[in-house]
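Data file: coords.csv. Format and content: CSV, C-alpha atoms (C1' of nucleotides).
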chain,number,residue,atom,x,y,z
G,1,MET,CA,0.0,0.0,0.0
G,2,THR,CA,1.5,3.3,-1.0
G,3,ALA,CA,0.4,6.9,-0.8
G,4,PRO,CA,-2.3,7.9,-3.2
G,5,ALA,CA,-1.0,10.7,-5.4
G,6,ASN,CA,-3.9,13.0,-4.6
G,7,ALA,CA,-4.1,12.6,-0.9
G,8,PRO,CA,-4.1,16.0,0.8
G,9,ALA,CA,-0.9,16.2,3.0
G,10,LEU,CA,-0.8,16.7,6.7
G,11,SER,CA,2.5,16.6,8.3
G,12,LEU,CA,2.2,16.1,12.0
G,13,ASP,CA,5.0,18.4,13.0
G,14,ARG,CA,3.4,21.3,11.2
G,15,PHE,CA,0.0,20.6,12.6
G,16,LEU,CA,-0.8,23.2,15.2
G,17,PRO,CA,-2.8,21.0,17.6
G,18,TYR,CA,0.0,18.5,17.7
G,19,ARG,CA,2.6,21.1,18.3
G,20,LEU,CA,0.6,22.7,21.1
G,21,SER,CA,0.1,19.4,22.7
G,22,VAL,CA,3.8,18.6,22.6
G,23,LEU,CA,4.8,21.9,24.1
G,24,ALA,CA,2.2,21.8,26.8
G,25,ASN,CA,3.1,18.3,27.7
G,26,THR,CA,6.8,19.0,27.9
G,27,VAL,CA,6.2,22.0,30.1
G,28,SER,CA,3.7,20.3,32.3
G,29,SER,CA,5.8,17.3,32.9
G,30,ALA,CA,8.8,19.4,33.8
G,31,LEU,CA,6.7,21.2,36.4
G,32,ALA,CA,4.8,18.1,37.6
G,33,GLY,CA,8.1,16.4,38.2
G,34,ALA,CA,9.3,19.2,40.4
G,35,TYR,CA,6.0,19.5,42.3
G,36,ALA,CA,5.7,15.8,42.9
G,37,LEU,CA,9.2,15.4,44.0
G,38,ARG,CA,9.5,18.2,46.4
G,39,PHE,CA,6.0,18.8,47.6
G,40,ASP,CA,4.0,15.7,47.0
G,41,LEU,CA,1.6,17.7,44.9
G,42,THR,CA,-0.1,16.8,41.7
G,43,ILE,CA,-0.8,19.3,39.0
G,44,PRO,CA,-4.6,19.5,39.8
G,45,GLN,CA,-3.7,20.0,43.4
G,46,TRP,CA,-1.3,22.7,42.5
G,47,ARG,CA,-4.0,24.4,40.5
G,48,VAL,CA,-6.4,24.3,43.4
G,49,VAL,CA,-3.8,25.7,45.7
G,50,ALA,CA,-2.9,28.5,43.3
G,51,VAL,CA,-6.5,29.5,42.9
G,52,LEU,CA,-7.2,29.5,46.6
G,53,ALA,CA,-4.1,31.5,47.3
G,54,ARG,CA,-5.4,34.2,45.1
G,55,THR,CA,-9.0,33.9,46.2
G,56,PRO,CA,-9.6,32.2,49.5
G,57,GLY,CA,-13.1,31.1,50.5
G,58,LEU,CA,-14.2,29.8,47.1
G,59,ALA,CA,-16.5,26.8,46.8
G,60,ALA,CA,-15.4,23.8,44.7
G,61,ALA,CA,-17.7,24.9,41.9
G,62,ASP,CA,-15.9,28.2,41.7
G,63,VAL,CA,-12.6,26.5,41.4
G,64,VAL,CA,-14.0,24.5,38.5
G,65,GLU,CA,-15.1,27.6,36.8
G,66,ARG,CA,-11.7,29.3,37.1
G,67,THR,CA,-9.5,26.4,36.2
G,68,ALA,CA,-11.0,24.5,33.3
G,69,MET,CA,-10.7,21.4,35.4
G,70,ASP,CA,-13.7,19.2,35.7
G,71,LYS,CA,-15.5,18.9,39.0
G,72,VAL,CA,-14.4,15.4,39.7
G,73,ALA,CA,-10.8,16.4,39.3
G,74,VAL,CA,-11.4,19.3,41.7
G,75,SER,CA,-13.2,17.1,44.1
G,76,ARG,CA,-10.3,14.7,44.3
G,77,ALA,CA,-7.7,17.4,44.4
G,78,VAL,CA,-9.5,19.0,47.3
G,79,ALA,CA,-9.9,15.7,49.1
G,80,GLY,CA,-6.2,15.0,48.7
G,81,LEU,CA,-5.2,18.4,50.0
G,82,ALA,CA,-7.5,18.2,52.9
G,83,ARG,CA,-6.2,14.7,53.8
G,84,THR,CA,-2.7,16.0,54.0
G,85,GLY,CA,-3.7,19.1,55.9
G,86,ARG,CA,-3.0,21.7,53.4
G,87,LEU,CA,-6.6,22.8,52.9
G,88,ARG,CA,-9.5,23.4,55.1
G,89,ARG,CA,-13.1,22.6,54.1
G,90,ALA,CA,-16.0,24.2,55.7
G,91,THR,CA,-19.7,24.3,54.9
G,92,ALA,CA,-21.1,27.6,53.5
G,93,ALA,CA,-23.5,29.3,55.9
G,94,GLY,CA,-26.8,29.5,54.3
G,95,ASP,CA,-26.2,26.8,51.7
G,96,ARG,CA,-25.1,23.5,53.1
G,97,ARG,CA,-24.3,22.1,49.7
G,98,ARG,CA,-21.5,24.5,49.1
G,99,SER,CA,-18.1,24.2,50.6
G,100,VAL,CA,-15.8,27.0,51.7
G,101,LEU,CA,-12.2,26.2,50.9
G,102,SER,CA,-9.1,27.8,52.2
G,103,LEU,CA,-5.5,27.0,52.6
G,104,THR,CA,-4.1,26.1,56.0
G,105,GLU,CA,-0.7,27.4,57.1
G,106,ARG,CA,0.8,24.2,55.6
G,107,GLY,CA,-1.0,25.0,52.3
G,108,TRP,CA,0.3,28.5,52.3
G,109,SER,CA,3.8,27.2,53.0
G,110,VAL,CA,3.6,25.0,50.0
G,111,TYR,CA,2.4,27.8,47.9
G,112,ARG,CA,5.1,30.2,49.0
G,113,ARG,CA,7.8,27.6,48.2
G,114,ILE,CA,6.4,26.6,44.8
G,115,VAL,CA,5.7,30.0,43.4
G,116,PRO,CA,9.3,31.0,43.0
G,117,LEU,CA,10.1,27.7,41.3
G,118,ALA,CA,7.2,28.0,38.9
G,119,LEU,CA,8.0,31.5,38.0
G,120,ALA,CA,11.6,30.7,37.6
G,121,TYR,CA,10.7,27.9,35.2
G,122,GLU,CA,8.4,30.2,33.3
G,123,ARG,CA,11.2,32.8,33.0
G,124,ARG,CA,13.7,30.2,31.8
G,125,LEU,CA,11.3,29.2,29.1
G,126,LEU,CA,10.4,32.7,28.1
G,127,ALA,CA,14.0,33.7,28.1
G,128,GLU,CA,14.0,32.2,24.6
G,129,LEU,CA,12.0,35.2,23.5
G,130,SER,CA,12.7,38.9,23.6
G,131,PRO,CA,10.3,41.0,25.9
G,132,ASP,CA,8.5,42.1,22.8
G,133,GLU,CA,8.1,38.6,21.5
G,134,GLN,CA,6.9,37.5,24.9
G,135,ALA,CA,4.2,40.1,24.8
G,136,GLN,CA,3.2,39.1,21.3
G,137,PHE,CA,3.1,35.4,22.1
G,138,GLU,CA,1.0,36.0,25.1
G,139,ALA,CA,-1.4,38.2,23.2
G,140,LEU,CA,-1.8,35.7,20.4
G,141,LEU,CA,-2.2,32.9,22.8
G,142,SER,CA,-5.0,34.7,24.6
G,143,ARG,CA,-6.8,35.1,21.3
G,144,LEU,CA,-6.4,31.5,20.4
G,145,LEU,CA,-7.6,30.5,23.8
G,146,GLU,CA,-10.6,32.6,23.4
G,147,ARG,CA,-11.4,31.3,20.0
G,148,SER,CA,-10.8,27.6,21.0
G,149,ARG,CA,-13.4,28.0,23.6
G,150,ARG,CA,-16.0,29.2,21.2
G,151,LEU,CA,-15.1,26.6,18.6
G,152,GLY,CA,-17.1,23.4,19.1
G,153,PRO,CA,-15.8,19.9,18.2
G,154,ALA,CA,-13.9,19.5,15.0
G,155,GLY,CA,-16.1,18.8,12.0
G,156,ASP,CA,-19.2,20.1,13.6
G,157,ALA,CA,-22.1,20.7,11.3
G,158,ARG,CA,-21.8,24.4,12.1
G,159,VAL,CA,-18.5,24.7,10.3
C,1,MET,CA,-5.8,31.7,57.3
C,2,THR,CA,-5.3,34.7,55.1
C,3,ALA,CA,-2.8,35.7,52.4
C,4,PRO,CA,0.6,36.7,53.7
C,5,ALA,CA,1.3,40.2,52.7
C,6,ASN,CA,4.7,39.4,51.2
C,7,ALA,CA,3.8,36.2,49.2
C,8,PRO,CA,5.0,36.5,45.6
C,9,ALA,CA,1.9,36.4,43.5
C,10,LEU,CA,1.1,33.9,40.8
C,11,SER,CA,-2.1,34.1,39.1
C,12,LEU,CA,-3.0,30.9,37.3
C,13,ASP,CA,-4.5,32.6,34.3
C,14,ARG,CA,-1.4,34.5,33.6
C,15,PHE,CA,0.9,31.5,34.1
C,16,LEU,CA,2.1,30.4,30.7
C,17,PRO,CA,2.3,26.6,31.4
C,18,TYR,CA,-1.3,26.7,32.6
C,19,ARG,CA,-2.5,28.6,29.6
C,20,LEU,CA,-0.7,26.4,27.2
C,21,SER,CA,-2.2,23.4,28.9
C,22,VAL,CA,-5.7,24.7,28.7
C,23,LEU,CA,-5.4,25.6,25.0
C,24,ALA,CA,-3.8,22.3,24.1
C,25,ASN,CA,-6.5,20.4,26.0
C,26,THR,CA,-9.3,22.3,24.5
C,27,VAL,CA,-8.0,21.8,21.0
C,28,SER,CA,-7.1,18.1,21.6
C,29,SER,CA,-10.5,17.3,23.0
C,30,ALA,CA,-12.2,19.0,20.1
C,31,LEU,CA,-10.3,16.8,17.7
C,32,ALA,CA,-10.4,13.7,19.8
C,33,GLY,CA,-14.1,13.9,20.0
C,34,ALA,CA,-14.4,14.0,16.2
C,35,TYR,CA,-11.9,11.2,15.7
C,36,ALA,CA,-13.5,8.9,18.2
C,37,LEU,CA,-17.0,9.6,17.1
C,38,ARG,CA,-16.5,9.2,13.3
C,39,PHE,CA,-13.5,6.9,13.0
C,40,ASP,CA,-13.2,5.0,16.2
C,41,LEU,CA,-9.6,6.4,16.5
C,42,THR,CA,-7.8,7.6,19.5
C,43,ILE,CA,-5.3,10.5,19.4
C,44,PRO,CA,-2.3,8.3,19.7
C,45,GLN,CA,-3.7,6.1,16.9
C,46,TRP,CA,-4.3,9.1,14.8
C,47,ARG,CA,-0.7,10.3,15.3
C,48,VAL,CA,0.6,6.9,14.2
C,49,VAL,CA,-1.6,7.0,11.1
C,50,ALA,CA,-0.4,10.5,10.3
C,51,VAL,CA,3.2,9.6,10.6
C,52,LEU,CA,2.9,6.4,8.5
C,53,ALA,CA,0.9,8.2,5.9
C,54,ARG,CA,3.9,10.5,5.4
C,55,THR,CA,6.5,7.9,5.8
C,56,PRO,CA,5.4,4.3,5.2
C,57,GLY,CA,7.6,1.5,6.3
C,58,LEU,CA,8.8,2.9,9.6
C,59,ALA,CA,9.5,0.8,12.6
C,60,ALA,CA,7.7,1.5,15.9
C,61,ALA,CA,10.9,3.0,17.3
C,62,ASP,CA,11.0,5.5,14.4
C,63,VAL,CA,7.4,6.5,15.2
C,64,VAL,CA,8.4,7.1,18.8
C,65,GLU,CA,11.2,9.3,17.6
C,66,ARG,CA,9.0,11.4,15.4
C,67,THR,CA,6.0,11.8,17.7
C,68,ALA,CA,7.1,12.5,21.2
C,69,MET,CA,5.0,9.6,22.2
C,70,ASP,CA,6.5,7.0,24.5
C,71,LYS,CA,7.0,3.5,23.2
C,72,VAL,CA,4.3,1.9,25.2
C,73,ALA,CA,1.8,4.3,23.7
C,74,VAL,CA,3.0,3.6,20.2
C,75,SER,CA,3.0,-0.1,20.8
C,76,ARG,CA,-0.6,0.0,21.9
C,77,ALA,CA,-1.7,2.3,19.2
C,78,VAL,CA,-0.1,0.1,16.6
C,79,ALA,CA,-1.7,-3.0,18.2
C,80,GLY,CA,-5.1,-1.3,18.1
C,81,LEU,CA,-4.7,-0.2,14.5
C,82,ALA,CA,-3.6,-3.7,13.4
C,83,ARG,CA,-6.5,-5.3,15.2
C,84,THR,CA,-8.9,-3.2,13.3
C,85,GLY,CA,-7.2,-3.8,10.0
C,86,ARG,CA,-6.0,-0.3,9.4
C,87,LEU,CA,-2.3,-1.1,9.7
C,88,ARG,CA,-0.1,-3.9,8.6
C,89,ARG,CA,2.9,-5.1,10.6
C,90,ALA,CA,5.7,-7.0,9.0
C,91,THR,CA,9.1,-8.0,10.3
C,92,ALA,CA,12.2,-6.2,9.0
C,93,ALA,CA,14.4,-8.3,6.8
C,94,GLY,CA,17.7,-8.6,8.5
C,95,ASP,CA,16.5,-7.6,12.0
C,96,ARG,CA,13.7,-9.6,13.3
C,97,ARG,CA,13.2,-7.3,16.2
C,98,ARG,CA,12.2,-4.4,14.1
C,99,SER,CA,8.7,-4.1,12.6
C,100,VAL,CA,7.8,-2.5,9.3
C,101,LEU,CA,4.6,-0.6,9.6
C,102,SER,CA,2.4,0.5,6.9
C,103,LEU,CA,-1.2,1.5,6.4
C,104,THR,CA,-3.7,-0.8,4.7
C,105,GLU,CA,-6.3,0.5,2.3
C,106,ARG,CA,-8.6,0.9,5.3
C,107,GLY,CA,-5.9,2.9,7.0
C,108,TRP,CA,-5.4,5.1,4.1
C,109,SER,CA,-9.1,5.6,3.8
C,110,VAL,CA,-9.3,6.8,7.4
C,111,TYR,CA,-6.4,9.1,6.8
C,112,ARG,CA,-7.9,10.6,3.7
C,113,ARG,CA,-11.1,11.3,5.5
C,114,ILE,CA,-9.6,12.8,8.6
C,115,VAL,CA,-7.1,15.1,7.0
C,116,PRO,CA,-9.7,17.5,5.7
C,117,LEU,CA,-11.4,17.6,9.0
C,118,ALA,CA,-8.2,18.2,10.9
C,119,LEU,CA,-7.0,20.9,8.6
C,120,ALA,CA,-10.4,22.6,8.6
C,121,TYR,CA,-10.3,22.7,12.4
C,122,GLU,CA,-6.9,24.1,12.3
C,123,ARG,CA,-8.0,26.7,9.9
C,124,ARG,CA,-11.0,27.7,12.0
C,125,LEU,CA,-8.8,28.1,15.0
C,126,LEU,CA,-6.1,30.1,13.1
C,127,ALA,CA,-8.7,32.2,11.5
C,128,GLU,CA,-8.6,34.2,14.7
C,129,LEU,CA,-5.2,35.5,13.5
C,130,SER,CA,-4.1,37.4,10.5
C,131,PRO,CA,-1.7,35.6,8.2
C,132,ASP,CA,1.2,37.6,9.6
C,133,GLU,CA,0.2,36.8,13.1
C,134,GLN,CA,-0.2,33.2,12.2
C,135,ALA,CA,3.4,33.1,10.9
C,136,GLN,CA,4.6,34.9,14.0
C,137,PHE,CA,2.8,32.6,16.4
C,138,GLU,CA,4.2,29.5,14.6
C,139,ALA,CA,7.7,30.9,14.7
C,140,LEU,CA,7.5,31.7,18.4
C,141,LEU,CA,6.0,28.4,19.1
C,142,SER,CA,8.8,26.6,17.4
C,143,ARG,CA,11.3,28.4,19.5
C,144,LEU,CA,9.5,27.6,22.7
C,145,LEU,CA,9.2,24.0,21.7
C,146,GLU,CA,12.9,23.9,21.0
C,147,ARG,CA,13.8,25.6,24.3
C,148,SER,CA,11.4,23.4,26.3
C,149,ARG,CA,13.1,20.3,25.1
C,150,ARG,CA,16.5,21.6,26.3
C,151,LEU,CA,15.1,22.7,29.6
C,152,GLY,CA,15.2,20.0,32.3
C,153,PRO,CA,12.7,19.7,35.1
C,154,ALA,CA,11.7,22.8,36.9
C,155,GLY,CA,13.9,23.8,39.8
C,156,ASP,CA,16.8,21.8,38.6
C,157,ALA,CA,20.2,22.5,40.2
C,158,ARG,CA,21.3,23.9,36.9
C,159,VAL,CA,18.9,26.9,37.0
H,1,DC,C1',32.5,-17.9,19.0
H,2,DC,C1',30.6,-17.0,23.8
H,3,DG,C1',28.9,-14.1,27.2
H,4,DC,C1',27.4,-9.4,28.3
H,5,DA,C1',25.4,-5.3,27.1
H,6,DT,C1',21.9,-3.1,24.0
H,7,DT,C1',17.8,-2.5,21.4
H,8,DA,C1',12.8,-3.5,19.8
H,9,DG,C1',8.7,-4.3,21.3
H,10,DT,C1',5.1,-6.2,24.7
H,11,DT,C1',2.8,-7.0,29.0
H,12,DG,C1',1.5,-6.5,34.0
H,13,DC,C1',0.4,-3.6,37.4
H,14,DA,C1',-0.7,0.4,39.8
H,15,DG,C1',-2.2,4.9,39.7
H,16,DT,C1',-5.0,8.5,37.3
H,17,DT,C1',-8.9,10.2,34.7
H,18,DG,C1',-13.5,10.9,33.1
H,19,DC,C1',-18.1,9.8,32.8
H,20,DA,C1',-22.3,8.6,34.8
H,21,DA,C1',-24.9,7.5,38.6
H,22,DC,C1',-25.8,8.8,43.2
H,23,DT,C1',-26.7,11.6,47.7
H,24,DA,C1',-27.9,15.7,49.8
H,25,DT,C1',-29.5,20.3,49.7
H,26,DA,C1',-31.8,24.2,47.8
H,27,DA,C1',-34.9,26.6,44.4
H,28,DT,C1',-39.1,26.8,41.7
H,29,DC,C1',-43.6,26.5,40.4
H,30,DC,C1',-48.1,25.3,40.3
F,1,DG,C1',-46.4,23.9,50.8
F,2,DG,C1',-45.4,19.6,48.4
F,3,DA,C1',-43.8,17.7,44.1
F,4,DT,C1',-40.4,18.7,40.6
F,5,DT,C1',-36.3,20.4,39.0
F,6,DA,C1',-31.7,22.0,39.6
F,7,DT,C1',-27.2,22.4,41.9
F,8,DA,C1',-23.0,20.9,44.9
F,9,DG,C1',-20.2,17.5,45.6
F,10,DT,C1',-18.8,12.4,45.9
F,11,DT,C1',-18.2,7.8,44.5
F,12,DG,C1',-18.0,3.5,41.4
F,13,DC,C1',-16.5,1.8,37.4
F,14,DA,C1',-14.2,1.3,33.1
F,15,DA,C1',-10.7,3.0,30.2
F,16,DC,C1',-6.3,5.1,29.7
F,17,DT,C1',-1.4,5.9,30.9
F,18,DG,C1',3.2,5.3,32.5
F,19,DC,C1',6.6,2.8,34.4
F,20,DA,C1',9.2,-1.2,35.1
F,21,DA,C1',9.9,-5.8,34.2
F,22,DC,C1',10.0,-9.0,30.7
F,23,DT,C1',11.0,-11.6,26.1
F,24,DA,C1',13.3,-11.8,21.8
F,25,DA,C1',16.8,-10.6,18.8
F,26,DT,C1',21.2,-8.3,17.8
F,27,DG,C1',25.8,-6.3,18.5
F,28,DC,C1',30.3,-6.3,20.6
F,29,DG,C1',34.5,-7.2,23.3
F,30,DG,C1',37.8,-10.3,24.2
How does the structure come out when it is put into structure tokens?
Amino acid sequence: MTAPANAPALSLDRFLPYRLSVLANTVSSALAGAYALRFDLTIPQWRVVAVLARTPGLAAADVVERTAMDKVAVSRAVAGLARTGRLRRATAAGDRRRSVLSLTERGWSVYRRIVPLALAYERRLLAELSPDEQAQFEALLSRLLERSRRLGPAGDARV
Amino acid sequence: MTAPANAPALSLDRFLPYRLSVLANTVSSALAGAYALRFDLTIPQWRVVAVLARTPGLAAADVVERTAMDKVAVSRAVAGLARTGRLRRATAAGDRRRSVLSLTERGWSVYRRIVPLALAYERRLLAELSPDEQAQFEALLSRLLERSRRLGPAGDARV
DNA sequence: CCGCATTAGTTGCAGTTGCAACTATAATCC
DNA sequence: GGATTATAGTTGCAACTGCAACTAATGCGG
């Protein structure tokens, strides 16, 4: 079986979704390795910590909304953090379904120690680009993020 | 427990690794949904098909090298494709460890039908950007990819 | 040649993830 | 105000993933 002469070509390493996936995976693994090794923290847990550090007192559903994680992932990350004493879970006054999540001192301590590592890694990565290029990349990335959210599944009827 | 006044700030939605991960996931899910639904194909399988369509006759190890997938993922994707008759597996003459992989007519058929969908999705995504911006984004992305490969785990001694 | 290291690929197992079903609580609407 | 619907969060289960151990075949040093 050999390539049909008229097949439209798609080279994986010029295909944007593939390239994005490779970059995101490489970067995430680099960070995940460091988190796991030093702080016994998974990426979902780290995300929850980061969100709660910026906005204490959120409910799990709020975390879902701000992180593009699904609610099961949040639930388990929260459970793990609570189990290891890095997060406190209370019940919202007036709505006993909702939780009120906040970091404990141990949670804050993890956050304070990770942030410099995370930012240092980000800087090392972005050092590849000039400040102008960094700004451009971030701006373009924002627009693609926005667009990707609006776009439905590939090949949708509404193409 | 409340935020220490002096904690360095890290806002998740300005953190590049996080943003990359969200974009890559959104895009991959959009594509994966379409592949699975229409062609009963996983993303790893699709990658193997795409590579073999461009370069028939590779061994599994070659596919690993070209795709940033690990060899277990490739092995299973290949097994799945072979099981469903979309890929043929032969033994290399002169080295009976190596396989020689190629698409069957059914494999080619899947490829021919997916490529337009995949490219259409990519176009819809990139339509957000002007042609100039597209070129810039791709160029910056390439450089970040390159740099991320060189960079080790975060917080390495060799910071 | 013979043993030891190396490479190709597979398989087992353990941990993770994602969906759907479930429980509990709250809101809505006759 | 009681039935219905909706929301918050958890749990069970099945599929996926990733690592390490394994088999099979080859290469290499002496």
Write out chain G, as a CSV table (one decimal) with C-alpha atoms, in the coordinates of the input, after superposing it onto chain C by least squares using every C-alpha atom paired in order.
chain,number,residue,atom,x,y,z
G,1,MET,CA,-5.6,31.7,57.4
G,2,THR,CA,-5.1,34.6,55.1
G,3,ALA,CA,-2.5,35.6,52.5
G,4,PRO,CA,0.8,36.7,53.9
G,5,ALA,CA,1.5,40.2,52.7
G,6,ASN,CA,4.9,39.3,51.2
G,7,ALA,CA,3.9,36.2,49.3
G,8,PRO,CA,5.1,36.5,45.7
G,9,ALA,CA,1.9,36.4,43.5
G,10,LEU,CA,1.2,33.9,40.8
G,11,SER,CA,-2.1,34.1,39.1
G,12,LEU,CA,-2.9,30.9,37.4
G,13,ASP,CA,-4.5,32.5,34.3
G,14,ARG,CA,-1.4,34.5,33.6
G,15,PHE,CA,0.9,31.5,34.1
G,16,LEU,CA,2.1,30.4,30.8
G,17,PRO,CA,2.2,26.6,31.5
G,18,TYR,CA,-1.3,26.7,32.6
G,19,ARG,CA,-2.5,28.6,29.7
G,20,LEU,CA,-0.7,26.3,27.2
G,21,SER,CA,-2.2,23.4,28.9
G,22,VAL,CA,-5.7,24.8,28.7
G,23,LEU,CA,-5.4,25.6,25.0
G,24,ALA,CA,-3.9,22.3,24.1
G,25,ASN,CA,-6.5,20.4,26.0
G,26,THR,CA,-9.4,22.3,24.5
G,27,VAL,CA,-8.0,21.7,21.0
G,28,SER,CA,-7.2,18.1,21.6
G,29,SER,CA,-10.5,17.3,23.0
G,30,ALA,CA,-12.3,19.0,20.1
G,31,LEU,CA,-10.3,16.8,17.7
G,32,ALA,CA,-10.4,13.6,19.8
G,33,GLY,CA,-14.2,13.9,19.9
G,34,ALA,CA,-14.4,14.1,16.2
G,35,TYR,CA,-11.9,11.2,15.6
G,36,ALA,CA,-13.5,9.0,18.1
G,37,LEU,CA,-17.0,9.6,16.9
G,38,ARG,CA,-16.5,9.2,13.2
G,39,PHE,CA,-13.5,6.9,12.9
G,40,ASP,CA,-13.1,5.0,16.1
G,41,LEU,CA,-9.6,6.4,16.4
G,42,THR,CA,-7.8,7.6,19.4
G,43,ILE,CA,-5.4,10.5,19.3
G,44,PRO,CA,-2.3,8.2,19.6
G,45,GLN,CA,-3.7,6.2,16.9
G,46,TRP,CA,-4.3,9.2,14.8
G,47,ARG,CA,-0.7,10.2,15.3
G,48,VAL,CA,0.6,6.9,14.2
G,49,VAL,CA,-1.5,7.0,11.2
G,50,ALA,CA,-0.4,10.5,10.3
G,51,VAL,CA,3.2,9.6,10.6
G,52,LEU,CA,2.9,6.4,8.5
G,53,ALA,CA,1.0,8.3,5.8
G,54,ARG,CA,3.9,10.6,5.4
G,55,THR,CA,6.6,7.9,5.9
G,56,PRO,CA,5.5,4.4,5.3
G,57,GLY,CA,7.7,1.5,6.4
G,58,LEU,CA,8.9,3.0,9.7
G,59,ALA,CA,9.5,0.8,12.7
G,60,ALA,CA,7.7,1.5,16.0
G,61,ALA,CA,10.9,3.1,17.4
G,62,ASP,CA,10.9,5.6,14.6
G,63,VAL,CA,7.4,6.5,15.3
G,64,VAL,CA,8.4,7.2,18.9
G,65,GLU,CA,11.1,9.4,17.8
G,66,ARG,CA,8.9,11.5,15.5
G,67,THR,CA,5.9,11.9,17.7
G,68,ALA,CA,7.1,12.5,21.3
G,69,MET,CA,4.9,9.6,22.3
G,70,ASP,CA,6.3,7.0,24.5
G,71,LYS,CA,6.9,3.5,23.2
G,72,VAL,CA,4.2,1.9,25.1
G,73,ALA,CA,1.7,4.3,23.8
G,74,VAL,CA,3.0,3.6,20.3
G,75,SER,CA,2.9,-0.1,20.9
G,76,ARG,CA,-0.7,0.0,21.9
G,77,ALA,CA,-1.7,2.4,19.2
G,78,VAL,CA,-0.2,0.1,16.6
G,79,ALA,CA,-1.8,-3.0,18.2
G,80,GLY,CA,-5.2,-1.3,18.1
G,81,LEU,CA,-4.8,-0.3,14.4
G,82,ALA,CA,-3.6,-3.6,13.4
G,83,ARG,CA,-6.5,-5.3,15.2
G,84,THR,CA,-9.0,-3.3,13.3
G,85,GLY,CA,-7.1,-3.8,10.0
G,86,ARG,CA,-5.9,-0.3,9.4
G,87,LEU,CA,-2.2,-1.1,9.7
G,88,ARG,CA,0.0,-3.9,8.6
G,89,ARG,CA,2.9,-5.1,10.7
G,90,ALA,CA,5.8,-7.0,9.2
G,91,THR,CA,9.2,-8.0,10.5
G,92,ALA,CA,12.2,-6.1,9.1
G,93,ALA,CA,14.5,-8.2,7.0
G,94,GLY,CA,17.8,-8.5,8.6
G,95,ASP,CA,16.6,-7.4,12.1
G,96,ARG,CA,13.8,-9.5,13.5
G,97,ARG,CA,13.3,-7.2,16.4
G,98,ARG,CA,12.2,-4.3,14.3
G,99,SER,CA,8.8,-4.1,12.8
G,100,VAL,CA,7.9,-2.5,9.4
G,101,LEU,CA,4.6,-0.6,9.6
G,102,SER,CA,2.4,0.5,6.9
G,103,LEU,CA,-1.2,1.5,6.4
G,104,THR,CA,-3.6,-0.8,4.7
G,105,GLU,CA,-6.2,0.5,2.2
G,106,ARG,CA,-8.6,0.9,5.2
G,107,GLY,CA,-5.8,2.9,7.0
G,108,TRP,CA,-5.3,5.1,4.1
G,109,SER,CA,-9.1,5.6,3.8
G,110,VAL,CA,-9.2,6.8,7.3
G,111,TYR,CA,-6.4,9.1,6.7
G,112,ARG,CA,-7.9,10.6,3.6
G,113,ARG,CA,-11.2,11.3,5.4
G,114,ILE,CA,-9.6,12.8,8.6
G,115,VAL,CA,-7.1,15.1,7.0
G,116,PRO,CA,-9.6,17.5,5.6
G,117,LEU,CA,-11.4,17.7,9.0
G,118,ALA,CA,-8.2,18.3,10.9
G,119,LEU,CA,-7.1,20.9,8.6
G,120,ALA,CA,-10.4,22.5,8.6
G,121,TYR,CA,-10.4,22.7,12.3
G,122,GLU,CA,-6.9,24.1,12.3
G,123,ARG,CA,-8.0,26.8,9.8
G,124,ARG,CA,-11.0,27.7,11.9
G,125,LEU,CA,-8.8,28.2,14.9
G,126,LEU,CA,-6.2,30.1,13.1
G,127,ALA,CA,-8.8,32.2,11.4
G,128,GLU,CA,-8.6,34.2,14.7
G,129,LEU,CA,-5.3,35.5,13.5
G,130,SER,CA,-4.2,37.4,10.5
G,131,PRO,CA,-1.7,35.5,8.1
G,132,ASP,CA,1.1,37.6,9.6
G,133,GLU,CA,0.1,36.8,13.1
G,134,GLN,CA,-0.2,33.1,12.2
G,135,ALA,CA,3.3,33.1,10.9
G,136,GLN,CA,4.6,34.9,14.0
G,137,PHE,CA,2.8,32.5,16.4
G,138,GLU,CA,4.1,29.5,14.6
G,139,ALA,CA,7.6,30.9,14.7
G,140,LEU,CA,7.5,31.7,18.3
G,141,LEU,CA,6.0,28.4,19.1
G,142,SER,CA,8.7,26.6,17.3
G,143,ARG,CA,11.3,28.4,19.5
G,144,LEU,CA,9.5,27.6,22.6
G,145,LEU,CA,9.2,24.0,21.6
G,146,GLU,CA,12.8,23.9,21.0
G,147,ARG,CA,13.7,25.5,24.2
G,148,SER,CA,11.3,23.4,26.3
G,149,ARG,CA,13.1,20.4,25.0
G,150,ARG,CA,16.4,21.5,26.2
G,151,LEU,CA,15.1,22.7,29.5
G,152,GLY,CA,15.2,20.0,32.2
G,153,PRO,CA,12.7,19.7,35.0
G,154,ALA,CA,11.7,22.8,36.8
G,155,GLY,CA,13.9,23.7,39.7
G,156,ASP,CA,16.8,21.7,38.5
G,157,ALA,CA,20.1,22.3,40.1
G,158,ARG,CA,21.4,23.6,36.7
G,159,VAL,CA,19.1,26.6,36.8
Per residue of chain F within 10 Å of chain C, what are the shortest atom pair and its distance in Å to one decimal, counting only C-alpha atoms (C1' of nucleotides), with rows by chain and residue number, as a Markdown table?
| residue | atom | partner | partner_atom | distance |
| --- | --- | --- | --- | --- |
| F:DT17 | C1' | C:Ala73 | CA | 8.0 |
| F:DG18 | C1' | C:Val72 | CA | 8.1 |
| F:DC19 | C1' | C:Val72 | CA | 9.5 |
| F:DA24 | C1' | C:Arg97 | CA | 7.2 |
| F:DA25 | C1' | C:Arg97 | CA | 5.5 |
| F:DT26 | C1' | C:Asp95 | CA | 7.5 |
Chain G contacts to chain C at 7 Å (only C-alpha atoms) as number ranges by chain:
G: 1, 3, 7-8, 10-12, 16-17, 20-21, 23-24, 26-28, 30-31, 33-34, 50-51, 53-54, 103-105, 112, 115, 117, 121-122, 125, 128, 137, 140, 143-145, 147-148, 152-155
